[in-house]
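Asks: Structure supplied as input24.tsv; contents: TSV, C-alpha atoms and all ligand atoms.
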```
chain	number	residue	atom	x	y	z
G	1	MET	CA	101.20	19.86	81.70
G	2	LYS	CA	102.16	17.31	79.04
G	3	VAL	CA	105.70	16.78	77.79
G	4	LEU	CA	106.72	15.03	74.58
G	5	VAL	CA	110.30	13.83	74.15
G	6	ILE	CA	111.33	13.27	70.52
G	7	GLY	CA	114.32	10.91	70.20
G	8	ALA	CA	114.71	8.13	72.78
G	9	GLY	CA	118.49	7.83	72.62
G	10	ASN	CA	121.17	8.42	75.26
G	11	MET	CA	119.93	11.86	76.23
G	12	GLY	CA	116.23	11.78	75.31
G	13	LEU	CA	115.57	8.60	77.25
G	14	THR	CA	117.62	9.85	80.18
G	15	TYR	CA	115.57	13.03	80.36
G	16	ALA	CA	112.29	11.13	79.88
G	17	GLN	CA	113.12	8.79	82.74
G	18	ALA	CA	114.26	11.56	85.06
G	19	MET	CA	111.19	13.73	84.34
G	20	SER	CA	108.81	10.79	84.69
G	21	LYS	CA	110.16	10.02	88.16
G	22	SER	CA	109.99	13.64	89.29
G	23	LYS	CA	107.10	15.25	91.12
G	24	PHE	CA	106.42	17.58	88.19
G	25	LEU	CA	104.83	15.04	85.86
G	26	LYS	CA	102.38	12.19	86.28
G	27	LYS	CA	102.76	8.99	84.24
G	28	LYS	CA	100.30	9.97	81.53
G	29	ASP	CA	101.87	13.41	81.22
G	30	LEU	CA	105.00	12.11	79.56
G	31	MET	CA	105.11	10.92	75.96
G	32	ILE	CA	108.13	9.70	74.03
G	33	LEU	CA	108.50	9.31	70.28
G	34	ASP	CA	111.16	7.55	68.24
G	35	ASN	CA	111.29	6.36	64.64
G	36	SER	CA	113.61	3.40	65.09
G	37	PRO	CA	111.75	0.03	65.30
G	38	GLU	CA	114.42	-1.48	67.59
G	39	LYS	CA	114.24	1.52	69.92
G	40	LEU	CA	110.44	1.31	70.03
G	41	LEU	CA	110.65	-2.37	70.93
G	42	SER	CA	112.99	-1.67	73.86
G	43	LEU	CA	110.78	1.21	75.03
G	44	GLU	CA	107.78	-1.11	75.38
G	45	LYS	CA	109.44	-2.62	78.46
G	46	ILE	CA	109.54	0.76	80.22
G	47	GLU	CA	106.33	1.66	82.00
G	48	HIS	CA	106.92	5.26	82.98
G	49	PHE	CA	105.53	6.87	79.83
G	50	ASP	CA	103.45	6.47	76.68
G	51	VAL	CA	105.43	5.53	73.60
G	52	TYR	CA	104.62	6.78	70.08
G	53	ASP	CA	105.92	6.30	66.57
G	54	GLN	CA	103.77	8.93	64.84
G	55	LEU	CA	104.02	12.67	65.46
G	56	LYS	CA	100.34	13.27	64.72
G	57	ASP	CA	99.32	11.04	67.66
G	58	CYS	CA	101.35	12.86	70.30
G	59	LEU	CA	102.59	16.26	69.17
G	60	PRO	CA	99.23	18.12	69.29
G	61	LYS	CA	98.72	17.00	72.93
G	62	ALA	CA	102.06	18.39	74.20
G	63	ASP	CA	102.66	21.66	76.05
G	64	ILE	CA	106.42	21.18	75.98
G	65	ILE	CA	108.31	19.40	73.19
G	66	PHE	CA	111.76	18.19	74.06
G	67	ILE	CA	113.90	17.56	70.95
G	68	ALA	CA	116.74	15.04	71.43
G	69	VAL	CA	117.58	13.78	67.94
G	70	LYS	CA	121.02	14.21	66.34
G	71	PRO	CA	121.55	17.64	64.74
G	72	PHE	CA	121.72	16.10	61.24
G	73	HIS	CA	118.20	14.67	61.70
G	74	SER	CA	116.74	18.00	62.75
G	75	ALA	CA	115.82	19.49	59.34
G	76	GLU	CA	113.86	16.40	58.34
G	77	LEU	CA	112.12	16.33	61.72
G	78	PHE	CA	111.24	20.05	61.63
G	79	ALA	CA	109.71	19.63	58.16
G	80	LYS	CA	107.40	16.91	59.53
G	81	MET	CA	106.53	18.91	62.67
G	82	LYS	CA	105.87	22.27	61.03
G	83	SER	CA	102.21	21.78	60.06
G	84	MET	CA	101.36	20.34	63.49
G	85	VAL	CA	103.03	22.66	66.00
G	86	LEU	CA	100.93	25.23	67.84
G	87	PRO	CA	101.99	28.81	68.74
G	88	ASP	CA	101.80	28.22	72.50
G	89	GLN	CA	103.93	25.07	72.51
G	90	ILE	CA	107.42	25.40	73.99
G	91	ILE	CA	110.32	23.68	72.26
G	92	ILE	CA	113.31	22.60	74.37
G	93	SER	CA	116.19	21.49	72.15
G	94	ILE	CA	119.29	19.77	73.46
G	95	MET	CA	120.81	19.42	70.00
G	96	ALA	CA	124.39	20.67	69.69
G	97	GLY	CA	124.70	23.73	67.49
G	98	VAL	CA	121.13	24.08	66.20
G	99	THR	CA	120.22	27.72	66.86
G	100	ILE	CA	117.03	29.21	68.27
G	101	GLU	CA	116.53	31.21	65.08
G	102	THR	CA	116.88	28.09	62.91
G	103	MET	CA	114.23	26.34	64.99
G	104	GLN	CA	111.88	29.33	65.01
G	105	THR	CA	112.11	29.63	61.23
G	106	ALA	CA	111.89	25.92	60.49
G	107	LEU	CA	108.93	25.38	62.82
G	108	GLY	CA	107.15	28.72	62.46
G	109	ILE	CA	106.85	29.20	66.23
G	110	THR	CA	108.52	31.53	68.72
G	111	LYS	CA	108.92	29.84	72.13
G	112	VAL	CA	112.23	28.02	71.99
G	113	VAL	CA	114.68	27.01	74.72
G	114	ARG	CA	118.18	25.84	73.77
G	115	ALA	CA	119.85	23.63	76.33
G	116	MET	CA	123.12	21.71	76.55
G	117	PRO	CA	123.09	18.81	79.02
G	118	ASN	CA	125.71	16.13	79.57
G	119	LEU	CA	125.76	12.36	79.97
G	120	PRO	CA	126.10	12.18	83.79
G	121	ALA	CA	122.41	13.17	83.65
G	122	GLN	CA	121.95	9.38	83.52
G	123	VAL	CA	122.93	9.19	87.20
G	124	GLY	CA	121.32	12.48	88.27
G	125	LYS	CA	124.68	14.30	88.18
G	126	GLY	CA	124.29	16.16	84.91
G	127	VAL	CA	124.73	19.86	84.29
G	128	THR	CA	122.56	21.59	81.70
G	129	SER	CA	123.12	25.13	80.47
G	130	PHE	CA	120.11	26.81	78.88
G	131	THR	CA	118.84	30.03	77.33
G	132	ALA	CA	115.51	30.97	75.80
G	133	SER	CA	113.91	33.15	73.15
G	134	LYS	CA	112.32	36.32	74.56
G	135	GLU	CA	108.83	34.93	73.90
G	136	VAL	CA	109.23	32.32	76.67
G	137	SER	CA	107.71	33.90	79.78
G	138	ARG	CA	109.41	34.03	83.16
G	139	LEU	CA	106.88	31.54	84.54
G	140	GLU	CA	107.40	29.16	81.62
G	141	LEU	CA	111.13	29.38	82.16
G	142	ILE	CA	110.71	28.34	85.80
G	143	THR	CA	108.84	25.24	84.60
G	144	VAL	CA	111.55	24.51	82.04
G	145	GLU	CA	114.26	24.91	84.68
G	146	SER	CA	112.44	22.49	87.00
G	147	LEU	CA	112.32	19.88	84.24
G	148	LEU	CA	116.00	20.34	83.41
G	149	ASN	CA	116.92	20.05	87.09
G	150	THR	CA	115.45	16.53	87.24
G	151	THR	CA	118.78	15.30	85.79
G	152	GLY	CA	121.10	17.32	88.03
G	153	LYS	CA	121.99	21.00	88.04
G	154	SER	CA	121.18	23.69	85.50
G	155	LEU	CA	122.76	26.99	84.61
G	156	LYS	CA	120.86	29.79	82.87
G	157	VAL	CA	123.15	31.60	80.43
G	158	SER	CA	122.61	34.99	78.80
G	159	SER	CA	123.07	34.02	75.16
G	160	GLU	CA	123.49	31.14	72.75
G	161	LYS	CA	127.22	31.81	72.56
G	162	TYR	CA	127.43	30.29	76.03
G	163	ILE	CA	125.44	27.24	74.95
G	164	ASP	CA	128.08	26.55	72.27
G	165	ALA	CA	130.83	27.34	74.79
G	166	SER	CA	129.39	25.02	77.43
G	167	THR	CA	129.20	22.31	74.78
G	168	GLY	CA	133.02	22.53	74.74
G	169	ILE	CA	133.25	22.39	78.54
G	170	SER	CA	130.45	20.34	80.09
G	171	GLY	CA	128.53	18.87	77.10
G	172	SER	CA	131.55	17.10	75.61
G	173	GLY	CA	133.53	17.29	78.88
G	174	PRO	CA	132.70	13.83	80.26
G	175	ALA	CA	134.53	12.38	77.25
G	176	TYR	CA	137.68	14.35	78.20
G	177	VAL	CA	137.51	12.85	81.68
G	178	PHE	CA	137.09	9.37	80.18
G	179	TYR	CA	140.09	10.07	77.92
G	180	PHE	CA	142.21	10.88	80.96
G	181	MET	CA	140.92	7.76	82.74
G	182	GLN	CA	141.65	5.57	79.72
G	183	SER	CA	145.21	6.96	79.50
G	184	MET	CA	145.86	6.26	83.18
G	185	MET	CA	144.38	2.76	82.92
G	186	GLU	CA	146.62	2.03	79.93
G	187	ALA	CA	149.65	3.23	81.93
G	188	ALA	CA	148.64	1.00	84.86
G	189	LEU	CA	148.26	-2.01	82.56
G	190	LYS	CA	151.69	-1.30	81.08
G	191	MET	CA	153.14	-1.21	84.60
G	192	GLY	CA	151.81	-4.75	85.10
G	193	PHE	CA	148.49	-4.31	86.93
G	194	SER	CA	145.52	-6.46	85.91
G	195	SER	CA	142.68	-4.69	84.18
G	196	GLY	CA	140.50	-5.01	87.31
G	197	ASP	CA	143.19	-3.54	89.56
G	198	SER	CA	143.88	-0.74	87.04
G	199	LYS	CA	140.20	0.14	87.15
G	200	VAL	CA	140.13	0.27	90.97
G	201	LEU	CA	143.29	2.42	91.14
G	202	VAL	CA	142.06	4.89	88.53
G	203	THR	CA	138.37	5.22	89.40
G	204	GLN	CA	139.02	5.61	93.12
G	205	THR	CA	141.66	8.24	92.34
G	206	PHE	CA	139.19	10.27	90.26
G	207	ASP	CA	136.38	9.83	92.75
G	208	GLY	CA	138.56	10.77	95.73
G	209	ALA	CA	140.14	13.78	94.03
G	210	VAL	CA	136.75	15.23	93.00
G	211	GLU	CA	135.36	14.61	96.49
G	212	LEU	CA	138.36	16.35	98.10
G	213	PHE	CA	138.00	19.28	95.74
G	214	ASN	CA	134.25	19.58	96.39
G	215	GLN	CA	134.71	19.62	100.15
G	216	SER	CA	136.97	22.66	100.16
G	217	ASP	CA	137.36	26.11	98.66
G	218	LEU	CA	140.85	25.37	97.41
G	219	SER	CA	141.83	25.72	93.76
G	220	PRO	CA	143.08	22.78	91.68
G	221	ASN	CA	146.54	24.42	91.70
G	222	THR	CA	146.61	24.41	95.52
G	223	TRP	CA	145.53	20.77	95.60
G	224	MET	CA	148.27	19.90	93.07
G	225	ASP	CA	150.82	21.50	95.42
G	226	ARG	CA	149.47	19.43	98.33
G	227	VAL	CA	150.07	16.22	96.40
G	228	ALA	CA	153.46	17.23	95.02
G	229	SER	CA	156.49	17.10	97.33
G	230	LYS	CA	159.48	19.17	96.32
G	231	GLY	CA	161.71	17.02	94.13
G	232	GLY	CA	159.23	14.14	94.40
G	233	THR	CA	157.25	11.88	92.09
G	234	THR	CA	154.21	14.08	91.44
G	235	ARG	CA	156.41	17.03	90.46
G	236	ALA	CA	158.11	14.75	87.94
G	237	ALA	CA	154.71	13.93	86.43
G	238	LEU	CA	153.45	17.53	86.49
G	239	ASP	CA	156.72	18.76	84.95
G	240	SER	CA	156.34	16.18	82.19
G	241	MET	CA	152.81	17.47	81.47
G	242	GLU	CA	154.01	21.09	81.49
G	243	ASP	CA	156.93	20.22	79.16
G	244	ASN	CA	154.43	18.68	76.77
G	245	ASN	CA	152.01	21.61	77.01
G	246	VAL	CA	149.23	19.26	78.05
G	247	LYS	CA	147.19	22.10	79.57
G	248	GLU	CA	147.28	24.05	76.30
G	249	ARG	CA	146.30	20.92	74.34
G	250	ILE	CA	143.30	20.38	76.66
G	251	LYS	CA	142.21	24.00	76.19
G	252	GLU	CA	142.56	23.57	72.43
G	253	ALA	CA	140.40	20.45	72.58
G	254	ALA	CA	137.67	22.32	74.48
G	255	TYR	CA	137.80	25.09	71.87
G	256	ALA	CA	137.63	22.49	69.07
G	257	ALA	CA	134.31	21.29	70.51
G	258	PHE	CA	133.09	24.89	70.96
G	259	ASP	CA	134.01	25.73	67.35
G	260	ARG	CA	132.36	22.55	66.09
G	261	ALA	CA	129.14	23.48	67.91
G	262	VAL	CA	129.13	26.85	66.14
G	263	GLU	CA	129.86	25.12	62.82
G	264	LEU	CA	127.02	22.60	63.35
G	265	GLY	CA	124.66	25.54	63.70
G	266	LYS	CA	125.61	26.74	60.23
G	267	GLU	CA	125.24	23.36	58.52
G	268	LYS	CA	122.01	22.72	56.64
G	301	LIG	N1	125.27	12.06	74.05
G	301	LIG	C1	125.65	13.12	74.76
G	301	LIG	O1	126.50	13.05	75.66
G	301	LIG	C2	125.01	14.45	74.51
G	301	LIG	C3	124.18	14.66	73.42
G	301	LIG	N2	123.61	15.89	73.20
G	301	LIG	C4	122.71	16.10	72.07
G	301	LIG	O2	121.61	15.25	72.25
G	301	LIG	C5	121.10	14.85	71.00
G	301	LIG	C6	120.87	13.35	71.01
G	301	LIG	O3	122.11	12.70	71.23
G	301	LIG	P1	122.12	11.17	71.69
G	301	LIG	O4	121.02	10.95	72.67
G	301	LIG	O5	123.50	10.86	72.07
G	301	LIG	O6	121.74	10.47	70.29
G	301	LIG	P2	121.15	9.02	70.05
G	301	LIG	O7	121.54	8.63	68.66
G	301	LIG	O8	121.46	8.11	71.18
G	301	LIG	O9	119.56	9.27	70.05
G	301	LIG	C7	118.85	9.91	69.04
G	301	LIG	C8	117.51	9.21	68.90
G	301	LIG	O10	116.70	9.97	68.00
G	301	LIG	C9	115.94	9.06	67.20
G	301	LIG	N3	115.48	9.79	66.01
G	301	LIG	C10	116.20	10.23	64.95
G	301	LIG	N4	115.40	10.88	64.08
G	301	LIG	C11	114.14	10.85	64.60
G	301	LIG	C12	112.88	11.36	64.17
G	301	LIG	N5	112.75	12.02	63.02
G	301	LIG	N6	111.80	11.14	64.95
G	301	LIG	C13	111.93	10.46	66.11
G	301	LIG	N7	113.09	9.96	66.59
G	301	LIG	C14	114.19	10.15	65.83
G	301	LIG	C15	116.91	7.91	66.93
G	301	LIG	O11	116.24	6.71	66.56
G	301	LIG	C16	117.60	7.79	68.29
G	301	LIG	O12	116.94	6.87	69.15
G	301	LIG	C17	122.10	15.29	69.94
G	301	LIG	O13	121.53	16.34	69.20
G	301	LIG	C18	123.31	15.74	70.72
G	301	LIG	O14	123.91	16.87	70.12
G	301	LIG	C19	123.82	16.93	74.05
G	301	LIG	C20	124.63	16.78	75.14
G	301	LIG	C21	125.29	15.54	75.45
G	302	LIG	O1	129.36	15.11	70.52
G	302	LIG	C1	128.33	15.77	70.38
G	302	LIG	O2	128.12	16.38	69.32
G	302	LIG	C2	127.32	15.82	71.50
G	302	LIG	C3	127.14	17.21	72.02
G	302	LIG	C4	127.80	17.24	73.36
G	302	LIG	C5	128.09	15.83	73.64
G	302	LIG	N1	127.77	15.06	72.64
```
So, in terms of structure tokens, how does the structure I just supplied come out?
Replies:
Amino acid sequence: MKVLVIGAGNMGLTYAQAMSKSKFLKKKDLMILDNSPEKLLSLEKIEHFDVYDQLKDCLPKADIIFIAVKPFHSAELFAKMKSMVLPDQIIISIMAGVTIETMQTALGITKVVRAMPNLPAQVGKGVTSFTASKEVSRLELITVESLLNTTGKSLKVSSEKYIDASTGISGSGPAYVFYFMQSMMEAALKMGFSSGDSKVLVTQTFDGAVELFNQSDLSPNTWMDRVASKGGTTRAALDSMEDNNVKERIKEAAYAAFDRAVELGKEK
């Protein structure tokens, strides 16, 4: 089985590296294509896969084509690919918003998987939701799932609605966590801690809280109650967040990303 990754950016390169190190693919089974000269230069230093700058040299050899360019580059890319793609090739797209139907029409093929990963894939802790057109067989889907799992966990969803929805939760989600971290680091700095000390206090707090949560069946609400003493400091902080409707604002933000994913799918 040969896999071609188109777009060697944050996500494409992450997936290429994870797949190349997995037991599913041998070195020569993984190809990567980019059209940026600087990117191609940096790829030369990586030995795990063959690097290309022309579709005609790699696309016909691929069984699975992984598309990881920005959504606004997709139409131009599809136009170039259309005359070269073969009916049996499977497309896996991780582009936000771009629908299965759009890809089937633009490429003139039927086997399309839409997936939504996230950036922690870079450290093997990603989560990727995915769904497929009915033409992708059960066996092919098992192969696809194995490839997606090389970057962490995957979740098969029943329709594309949930791909757009998971974009608002897990796809964009790491940025929400970083937003929270940044806010806490800024508060620590304001309280007089050095930037190094602020980083230690905040990162260890996130790491420890997630670890605690993962090692139990308790809900976040229960854990909040364990931290908060009656009339104490944590309650003062949680009350301040409640007074400012922070929870509602976070939900709105997740919906803004969800809505934007749907919108991206309608843009030409
Ligand atoms: N960055 C993230 O956290 C996530 C990104 N995504 C999706 O992944 C996709 C890629 O995002 P990033 O990796 O962040 O973008 P990026 O900008 O880092 O990488 C895109 C790469 O595609 C290349 N490219 C553009 N047009 C091309 C073409 N016609 N042929 C070959 N290569 C081409 C660019 O040179 C660049 O190296 C996007 O569609 C995004 O929606 C999905 C989930 C998370
Ligand atoms: O911001 C974006 O559009 C992409 C999709 C999910 C994360 N990054």
Asks: Let me see if you get this right: every residue at most 9 Å from ligand LIG 301 (chain G), counting all atoms listed in the file, written as a VMD selection string.
Replies: chain G and resid 5 to 14 32 to 40 53 to 55 67 to 78 80 93 to 98 115 to 121 128 167 170 to 175 261
Asks: Mind checking which residues fall within 6 Å of G:Arg114, counting only C-alpha atoms, ignoring those fewer than 5 positions away in the same chain, and posting them as a PyMOL selection string?
Replies: chain G and resi 92-93+130-131
Asks: Just C-alpha atoms for this one: save the residues we selected as a tab-separated table (two decimals), keeping the file's coordinate frame.
Replies:
```tsv
chain	number	residue	atom	x	y	z
G	92	ILE	CA	113.31	22.60	74.37
G	93	SER	CA	116.19	21.49	72.15
G	130	PHE	CA	120.11	26.81	78.88
G	131	THR	CA	118.84	30.03	77.33
```
Asks: Report as an NGL selection string all protein, DNA and RNA residues lying within 10 Å of G:Ala253, evaluated on only C-alpha atoms, omitting residues in the same chain fewer than 3 positions from it.
Replies: :G and (168-169 or 172-173 or 176 or 247-250 or 256-259)
Asks: Quick one: pull the distance between atom CA of G:Lys156 and atom CA of G:Ser129, Å, one decimal.
Replies: 5.7 Å
Asks: Write out as a list of chain:residue names the residues lying within 10 Å of G:Gln104, counting only C-alpha atoms and excluding same-chain residues fewer than 5 positions away.
Replies: G:Phe78, G:Ile91, G:Thr99, G:Ile109, G:Thr110, G:Lys111, G:Val112, G:Ser133
Asks: With all atoms listed in the file as the atoms that count, which of G:Lys26, G:Lys266, G:Lys190, G:Arg260 lies nearest to ligand LIG 302 (chain G)?
Replies: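 The closest residue to ligand LIG 302 (chain G) is G:Arg260.
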Asks: Check the smallest atom-to-atom distance from each of G:Lys153, G:Lys161, G:Lys251, G:Lys56 to G:Gly126 using only C-alpha atoms, then report the winner.
Replies: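 Of all the options, G:Lys153 lies closest to G:Gly126.
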Asks: Between atom CA of G:Leu4 and atom CA of G:Cys58, what is the distance in Å, rounded to a tenth?
Replies: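 So the answer is 7.2 Å.
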Asks: Neighbours of G:Ser146 within 10 Å (all atoms listed in the file; same-chain residues fewer than 5 positions away dropped), as a PDB file with C-alpha atoms, in the frame of the given file?
Replies:
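As a result, result_15.pdb now contains:
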```pdb
ATOM      1  CA  MET G  19     111.190  13.730  84.340  1.00  0.00           C
ATOM      2  CA  SER G  22     109.990  13.640  89.290  1.00  0.00           C
ATOM      3  CA  LYS G  23     107.100  15.250  91.120  1.00  0.00           C
ATOM      4  CA  PHE G  24     106.420  17.580  88.190  1.00  0.00           C
ATOM      5  CA  GLU G 140     107.400  29.160  81.620  1.00  0.00           C
ATOM      6  CA  LEU G 141     111.130  29.380  82.160  1.00  0.00           C
ATOM      7  CA  THR G 151     118.780  15.300  85.790  1.00  0.00           C
ATOM      8  CA  LYS G 153     121.990  21.000  88.040  1.00  0.00           C
ATOM      9  CA  SER G 154     121.180  23.690  85.500  1.00  0.00           C
TER      10      SER G 154
END
```
Asks: Give me the residues near G:Leu238 as a list in words, where near means some atom within 9 Å (using all atoms listed in the file) and where sequence neighbours in that chain fewer than 5 positions away do not count.
Replies: Met224, Ala228, Thr233 and Asp243 of chain G
Asks: Could you check the closest approach to ligand LIG 302 (chain G) for each of G:Ile163, G:Val246, G:Leu201, G:Ala188 and tell me which residue wins, using only C-alpha atoms and all ligand atoms?
Replies: G:Ile163
Asks: Using only C-alpha atoms and all ligand atoms, which of the listed residues (G:Glu44, G:Asp239, G:Asp63, G:Glu263) sits closest to ligand LIG 302 (chain G)?
Replies: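 Closest to ligand LIG 302 (chain G) of all the choices is G:Glu263.
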Asks: Measure the distance from atom CA of G:His48 to atom CA of G:Gln17 in Å and round it to one decimal.
Replies: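 Computed distance, atom CA of G:His48 to atom CA of G:Gln17, equals 7.1 Å.
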Asks: Could you check the closest approach to ligand LIG 302 (chain G) for each of G:Ser194, G:Ser159, G:Gln204, G:Ser166 and tell me which residue wins, using all atoms listed in the file?
Replies: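 That would be G:Ser166, the residue with the smallest distance to ligand LIG 302 (chain G).
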Asks: Check the smallest atom-to-atom distance from each of G:Val227, G:Ala236, G:Leu41, G:Met181 to G:Ser198 using only C-alpha atoms, then report the winner.
Replies: G:Met181
Asks: Need the neighbours of (146.0, 4.7, 85.2): which residues are at most 9 Å away, counting all atoms listed in the file, as a short mmCIF file (atom, residue, chain, number, x, y, z; two decimals) with C-alpha atoms, in the coordinates of the input?
Replies:
```cif
data_model
loop_
_atom_site.label_atom_id
_atom_site.label_comp_id
_atom_site.auth_asym_id
_atom_site.auth_seq_id
_atom_site.Cartn_x
_atom_site.Cartn_y
_atom_site.Cartn_z
CA PHE G 180 142.21 10.88 80.96
CA MET G 181 140.92 7.76 82.74
CA GLN G 182 141.65 5.57 79.72
CA SER G 183 145.21 6.96 79.50
CA MET G 184 145.86 6.26 83.18
CA MET G 185 144.38 2.76 82.92
CA GLU G 186 146.62 2.03 79.93
CA ALA G 187 149.65 3.23 81.93
CA ALA G 188 148.64 1.00 84.86
CA LEU G 189 148.26 -2.01 82.56
CA SER G 198 143.88 -0.74 87.04
CA LYS G 199 140.20 0.14 87.15
CA LEU G 201 143.29 2.42 91.14
CA VAL G 202 142.06 4.89 88.53
CA THR G 203 138.37 5.22 89.40
#
```
Asks: Save stretch 155-200 of chain G of the structure in the block above to a file, with C-alpha atoms included, as a compact mmCIF listing (two decimals), in the first residue's frame.
Replies:
```txt
# COMPACT_ATOMS: atom_id res chain seq x y z
CA LEU G 155 -13.44 8.41 16.51
CA LYS G 156 -15.71 7.23 13.70
CA VAL G 157 -18.74 9.52 13.40
CA SER G 158 -21.99 8.86 11.57
CA SER G 159 -22.13 11.97 9.40
CA GLU G 160 -20.24 15.04 8.26
CA LYS G 161 -22.22 17.19 10.67
CA TYR G 162 -20.11 15.64 13.42
CA ILE G 163 -16.89 16.40 11.54
CA ASP G 164 -17.84 20.10 11.55
CA ALA G 165 -18.95 19.80 15.19
CA SER G 166 -15.71 18.12 16.27
CA THR G 167 -13.81 20.90 14.51
CA GLY G 168 -15.38 23.19 17.13
CA ILE G 169 -14.44 20.86 20.00
CA SER G 170 -11.23 18.95 19.31
CA GLY G 171 -9.92 20.37 16.00
CA SER G 172 -9.74 23.96 17.22
CA GLY G 173 -9.85 22.93 20.90
CA PRO G 174 -6.11 22.93 21.61
CA ALA G 175 -6.16 26.69 20.90
CA TYR G 176 -8.83 27.18 23.60
CA VAL G 177 -6.60 25.38 26.08
CA PHE G 178 -3.65 27.56 25.05
CA TYR G 179 -5.89 30.64 25.49
CA PHE G 180 -6.66 29.58 29.04
CA MET G 181 -2.96 28.89 29.69
CA GLN G 182 -1.96 32.28 28.27
CA SER G 183 -4.53 34.04 30.48
CA MET G 184 -3.26 32.28 33.60
CA MET G 185 0.38 33.00 32.70
CA GLU G 186 -0.48 36.69 32.22
CA ALA G 187 -2.17 36.72 35.65
CA ALA G 188 0.90 35.07 37.22
CA LEU G 189 3.22 37.62 35.60
CA LYS G 190 1.01 40.43 36.90
CA MET G 191 1.24 38.95 40.39
CA GLY G 192 5.03 39.27 40.14
CA PHE G 193 6.24 35.81 39.07
CA SER G 194 9.01 35.55 36.46
CA SER G 195 8.01 34.22 33.09
CA GLY G 196 9.81 30.91 33.80
CA ASP G 197 8.06 30.47 37.15
CA SER G 198 4.69 31.40 35.59
CA LYS G 199 5.22 28.69 33.00
CA VAL G 200 6.03 26.05 35.64
```
